[in-house]
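Chemist: This is the structure, below, for whatever I ask next.
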Amino acid sequence: MTINSKTMTLRENAGVHFLTYNKLSEIDFINHAFSTRLGGVSKGIFDSMNLSFEHDDFDTVTENYKRFCKGADFNFDTLVASSQDHHSFVRVCTKNECGIGITRPKDIKSVDALVTNEKGVTLVTYYADCTPLFFVDTKKKAIGLAHAGWRGTVQKIGAEVIKTMTENYGTDPADLVCAIGPAISVCCYEVDKSCADNFYALKLDDSKFVFPKSGGKFMVDLLEANRQILLSCGVKKENITVSDLCTRCNSDLLWSHRATAGKRGTMSAFMALK
Ligand SMILES: [Zn+2]
C-alpha cells in the first residue's frame, strides 16, 4: 500500500504498517509513530491492528501492541495509555506510570493528554477520526500527545498541553515542534449548528475552519482549528506540520468512525524520548 502525503511517510517493518511525520523524524532524541489498520491479529470488525481494549479480546489486543512495538521500535514495558473521554485534563507521566492502561488497569478517568520528560516512558493515545496532537520541546527534551476531537479542540486541549509542559518542564512554546493529525478532514467532517457554534466561540480566524453549507450544516476543519490554537499559544508557524491524510477518505488504511458507522478498531499515537 502507498500513500500520497507531503508530510507523512508510510513505513512497514515486521509486518506492521505505521505512519511517521517527516518533520518529527528529523528530531534525533524521540521516536514516534501512528498506527494503521494493518499488521495486527484482531478479527472481524477489528481486523487487524486494533489497539483499544474496550470491546476486543484482551490477549489479542495485547499481541497487537507487542507486534506494533516490535515493528515501530518501542519498548512494550514502557507504554502508558490515556483514558479518554473528550475532556482536557493532561497527565504528567513518569516511569511510575509505565503499564497503566496496557498491562495494568487504568487508575484515573478522564485523561485526554499525556506529557513526559523522562526516557523509558512511551506515551500512547487513541484515535479513529479525532485529531492527534504531537508536541516536542526541542530544548528541554520533553514530549506530549493529546486527543482532540471536536470537544477537545473547542476546550483547547492543545493549549492545556503547552501550559502543563511550561509549568512542569519550563517549556518555551517557541521551542516546540508540533504535528496535527491524521484525522477526519474538512472534506468529510460535517456537523450541525450546535457543534459549529463552539468553533465560532473560539474567536480565532474561523473563516478558515468553519464553512457553512446548505441545510443548516457546516464543514469543520479540526486540523486548522488546532493549528490556530497552537499558534495563539506561541508555537511558530514553521514548527507546525499538518497531516494531509483524511481518515475517512483513507479508510482502507486508517480507522474511521464515520466511514465504518462505529463498527471499527482504534489507532494509537506513540511517542517516547530516546
Ligand atoms: Zn475526507
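Going by the C-alpha cells order, chains are called A, B, ..., each with residues numbered from 1, while ligands are numbered from 1 in the order shown.
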Skipping near chain neighbours, those fewer than 6 positions away, what residues fall within 12 Å of A:Leu231 using only C-alpha atoms, listed as a VMD selection string?
Modeler: chain A and resid 156 158 to 159 162 173 to 174 176 to 178 204 to 205 224 to 225 237 to 241
Chemist: Contacts of A:Glu190 at 7 Å or less, counting only C-alpha atoms, minus same-chain residues fewer than 6 places along, as a ChimeraX atom specification?
Modeler: /A:217-220
Chemist: Can you tell me which residues come within 9 Å of ligand 1 when counting only C-alpha atoms and all ligand atoms, ideally as a PDB file with N, CA and C atoms, in the first residue's frame?
Modeler:
```pdb
ATOM      1  N   ALA A 183      -6.553  12.887  10.892  1.00  0.00           N
ATOM      2  CA  ALA A 183      -7.901  12.947  11.446  1.00  0.00           C
ATOM      3  C   ALA A 183      -8.891  13.054  10.297  1.00  0.00           C
ATOM      4  N   ILE A 184     -10.171  13.013  10.634  1.00  0.00           N
ATOM      5  CA  ILE A 184     -11.181  13.281   9.616  1.00  0.00           C
ATOM      6  C   ILE A 184     -11.016  14.742   9.188  1.00  0.00           C
ATOM      7  N   SER A 185     -10.944  14.979   7.903  1.00  0.00           N
ATOM      8  CA  SER A 185     -10.564  16.300   7.401  1.00  0.00           C
ATOM      9  C   SER A 185     -11.779  17.064   6.909  1.00  0.00           C
ATOM     10  N   VAL A 186     -11.539  18.290   6.480  1.00  0.00           N
ATOM     11  CA  VAL A 186     -12.655  19.190   6.146  1.00  0.00           C
ATOM     12  C   VAL A 186     -13.502  18.649   4.986  1.00  0.00           C
ATOM     13  N   CYS A 187     -12.912  17.775   4.157  1.00  0.00           N
ATOM     14  CA  CYS A 187     -13.664  17.153   3.054  1.00  0.00           C
ATOM     15  C   CYS A 187     -14.827  16.306   3.571  1.00  0.00           C
ATOM     16  N   CYS A 188     -14.696  15.772   4.779  1.00  0.00           N
ATOM     17  CA  CYS A 188     -15.626  14.753   5.286  1.00  0.00           C
ATOM     18  C   CYS A 188     -16.259  15.091   6.630  1.00  0.00           C
ATOM     19  N   TYR A 189     -15.833  16.155   7.290  1.00  0.00           N
ATOM     20  CA  TYR A 189     -16.307  16.386   8.659  1.00  0.00           C
ATOM     21  C   TYR A 189     -17.453  17.401   8.670  1.00  0.00           C
ATOM     22  N   LEU A 245      -3.674  13.467   5.268  1.00  0.00           N
ATOM     23  CA  LEU A 245      -4.401  12.211   5.058  1.00  0.00           C
ATOM     24  C   LEU A 245      -5.698  12.255   5.861  1.00  0.00           C
ATOM     25  N   CYS A 246      -6.821  12.279   5.180  1.00  0.00           N
ATOM     26  CA  CYS A 246      -8.121  12.225   5.866  1.00  0.00           C
ATOM     27  C   CYS A 246      -8.410  10.767   6.251  1.00  0.00           C
ATOM     28  N   THR A 247      -8.788  10.553   7.502  1.00  0.00           N
ATOM     29  CA  THR A 247      -9.051   9.176   7.934  1.00  0.00           C
ATOM     30  C   THR A 247     -10.232   8.573   7.166  1.00  0.00           C
ATOM     31  N   ARG A 248     -11.256   9.381   6.921  1.00  0.00           N
ATOM     32  CA  ARG A 248     -12.427   8.829   6.230  1.00  0.00           C
ATOM     33  C   ARG A 248     -12.127   8.532   4.764  1.00  0.00           C
ATOM     34  N   CYS A 249     -11.375   9.400   4.113  1.00  0.00           N
ATOM     35  CA  CYS A 249     -11.030   9.185   2.694  1.00  0.00           C
ATOM     36  C   CYS A 249     -10.038   8.032   2.528  1.00  0.00           C
ATOM     37  N   ASN A 250      -9.329   7.685   3.605  1.00  0.00           N
ATOM     38  CA  ASN A 250      -8.313   6.615   3.551  1.00  0.00           C
ATOM     39  C   ASN A 250      -8.689   5.474   4.484  1.00  0.00           C
TER      40      ASN A 250
END
```
Chemist: Where does DSSP see strand (DSSP E) in stretch 2-130 of chain A, if you list the residues as a PyMOL selection string?
Modeler: chain A and resi 8-13+16-21+30-35+79-81+90-92+113-116+122-127
Chemist: Please save C-alpha atoms of the selected residues as a PDB file, in the first residue's frame.
Modeler:
```pdb
ATOM      1  CA  MET A   8       3.925  11.816   6.402  1.00  0.00           C
ATOM      2  CA  THR A   9       5.611   8.549   5.430  1.00  0.00           C
ATOM      3  CA  LEU A  10       4.041   5.069   5.498  1.00  0.00           C
ATOM      4  CA  ARG A  11       6.531   2.541   6.840  1.00  0.00           C
ATOM      5  CA  GLU A  12       6.435  -1.243   7.101  1.00  0.00           C
ATOM      6  CA  ASN A  13       8.539  -3.351   9.433  1.00  0.00           C
ATOM      7  CA  VAL A  16       3.383  -3.729  10.835  1.00  0.00           C
ATOM      8  CA  HIS A  17       2.407  -0.677   8.786  1.00  0.00           C
ATOM      9  CA  PHE A  18       2.645   2.701  10.508  1.00  0.00           C
ATOM     10  CA  LEU A  19       2.907   6.400   9.737  1.00  0.00           C
ATOM     11  CA  THR A  20       5.604   8.840  10.781  1.00  0.00           C
ATOM     12  CA  TYR A  21       5.868  12.591  10.337  1.00  0.00           C
ATOM     13  CA  ILE A  30      12.485  10.976  20.029  1.00  0.00           C
ATOM     14  CA  ASN A  31      10.736   8.010  18.448  1.00  0.00           C
ATOM     15  CA  HIS A  32       7.150   8.494  17.265  1.00  0.00           C
ATOM     16  CA  ALA A  33       4.577   6.580  15.208  1.00  0.00           C
ATOM     17  CA  PHE A  34       0.900   6.476  14.344  1.00  0.00           C
ATOM     18  CA  SER A  35      -0.662   3.058  13.804  1.00  0.00           C
ATOM     19  CA  LEU A  79       3.792   2.067  27.469  1.00  0.00           C
ATOM     20  CA  VAL A  80       1.480   4.452  29.354  1.00  0.00           C
ATOM     21  CA  ALA A  81      -2.018   4.908  27.918  1.00  0.00           C
ATOM     22  CA  VAL A  90      -3.272  16.489  30.951  1.00  0.00           C
ATOM     23  CA  ARG A  91      -1.414  13.791  32.889  1.00  0.00           C
ATOM     24  CA  VAL A  92       2.257  14.240  33.763  1.00  0.00           C
ATOM     25  CA  ALA A 113      -3.410  14.104  27.047  1.00  0.00           C
ATOM     26  CA  LEU A 114      -0.070  12.837  28.330  1.00  0.00           C
ATOM     27  CA  VAL A 115       3.310  14.537  28.784  1.00  0.00           C
ATOM     28  CA  THR A 116       6.714  13.350  29.979  1.00  0.00           C
ATOM     29  CA  THR A 122       6.194   5.697  25.919  1.00  0.00           C
ATOM     30  CA  LEU A 123       3.047   7.828  25.663  1.00  0.00           C
ATOM     31  CA  VAL A 124       0.006   6.196  23.975  1.00  0.00           C
ATOM     32  CA  THR A 125      -3.255   7.926  22.946  1.00  0.00           C
ATOM     33  CA  TYR A 126      -6.247   6.699  20.867  1.00  0.00           C
ATOM     34  CA  TYR A 127      -7.981   7.782  17.663  1.00  0.00           C
TER      35      TYR A 127
END
```
Chemist: Please list as a list in words every residue within 10 Å of A:Asp56, counting only C-alpha atoms and excluding residues in the same chain fewer than 5 positions away.
Modeler: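 Residues meeting the cut-off are Ser42, Lys43, Gly44, Ile45, Phe46, Asn50, Leu51, Val61 and Gly265 of chain A.
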Chemist: Please indicate the distance in Å from atom CA of A:Ala146 to atom CA of A:His86, rounded to one decimal place.
Modeler: 10.4 Å
Chemist: Restricting the calculation to only C-alpha atoms: of A:Ile180, A:Ile27, A:Ile100, A:Met165, which residue gets closest to A:Ala272?
Modeler: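 For A:Ala272, the nearest of the given residues is A:Ile27.
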Chemist: From the options A:Val121, A:Leu254, A:Cys69, A:Ala269, which residue's atoms come nearest to A:Asp47, counting only C-alpha atoms?
Modeler: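 Checking each candidate against A:Asp47, we get A:Leu254 as the closest.
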Chemist: Looking at only C-alpha atoms, which of A:His55, A:Phe74, A:Ser48, A:Gly101 is the one that sits closest to A:Lys119?
Modeler: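 Answer, going by the shortest atom-to-atom distance: A:Phe74.
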Chemist: Tell me which protein, DNA and RNA residues are within 8 Å of A:Phe199, counting only C-alpha atoms, leaving out same-chain ones fewer than 5 positions away, and put them as a PyMOL selection string.
Modeler: chain A and resi 154+206+210+225
Chemist: Which distance in Å separates atom CA of A:Gly99 and atom CA of A:Phe76, to one decimal?
Modeler: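 Straight-line distance from atom CA of A:Gly99 to atom CA of A:Phe76 works out to 8.4 Å.
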Chemist: My list of candidates is A:Gly152, A:Gly262, A:Gly170, A:Gly120. Which is closest to A:Lys139 when distances are computed with only C-alpha atoms?
Modeler: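 Distance minimum relative to A:Lys139 lands on A:Gly170.
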Chemist: Pick out the closest residue to A:Phe58 from this set: A:Ser194, A:Thr266, A:Thr138, A:Thr103. Count only C-alpha atoms.
Modeler: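 For A:Phe58, the nearest of the candidates is A:Thr103.
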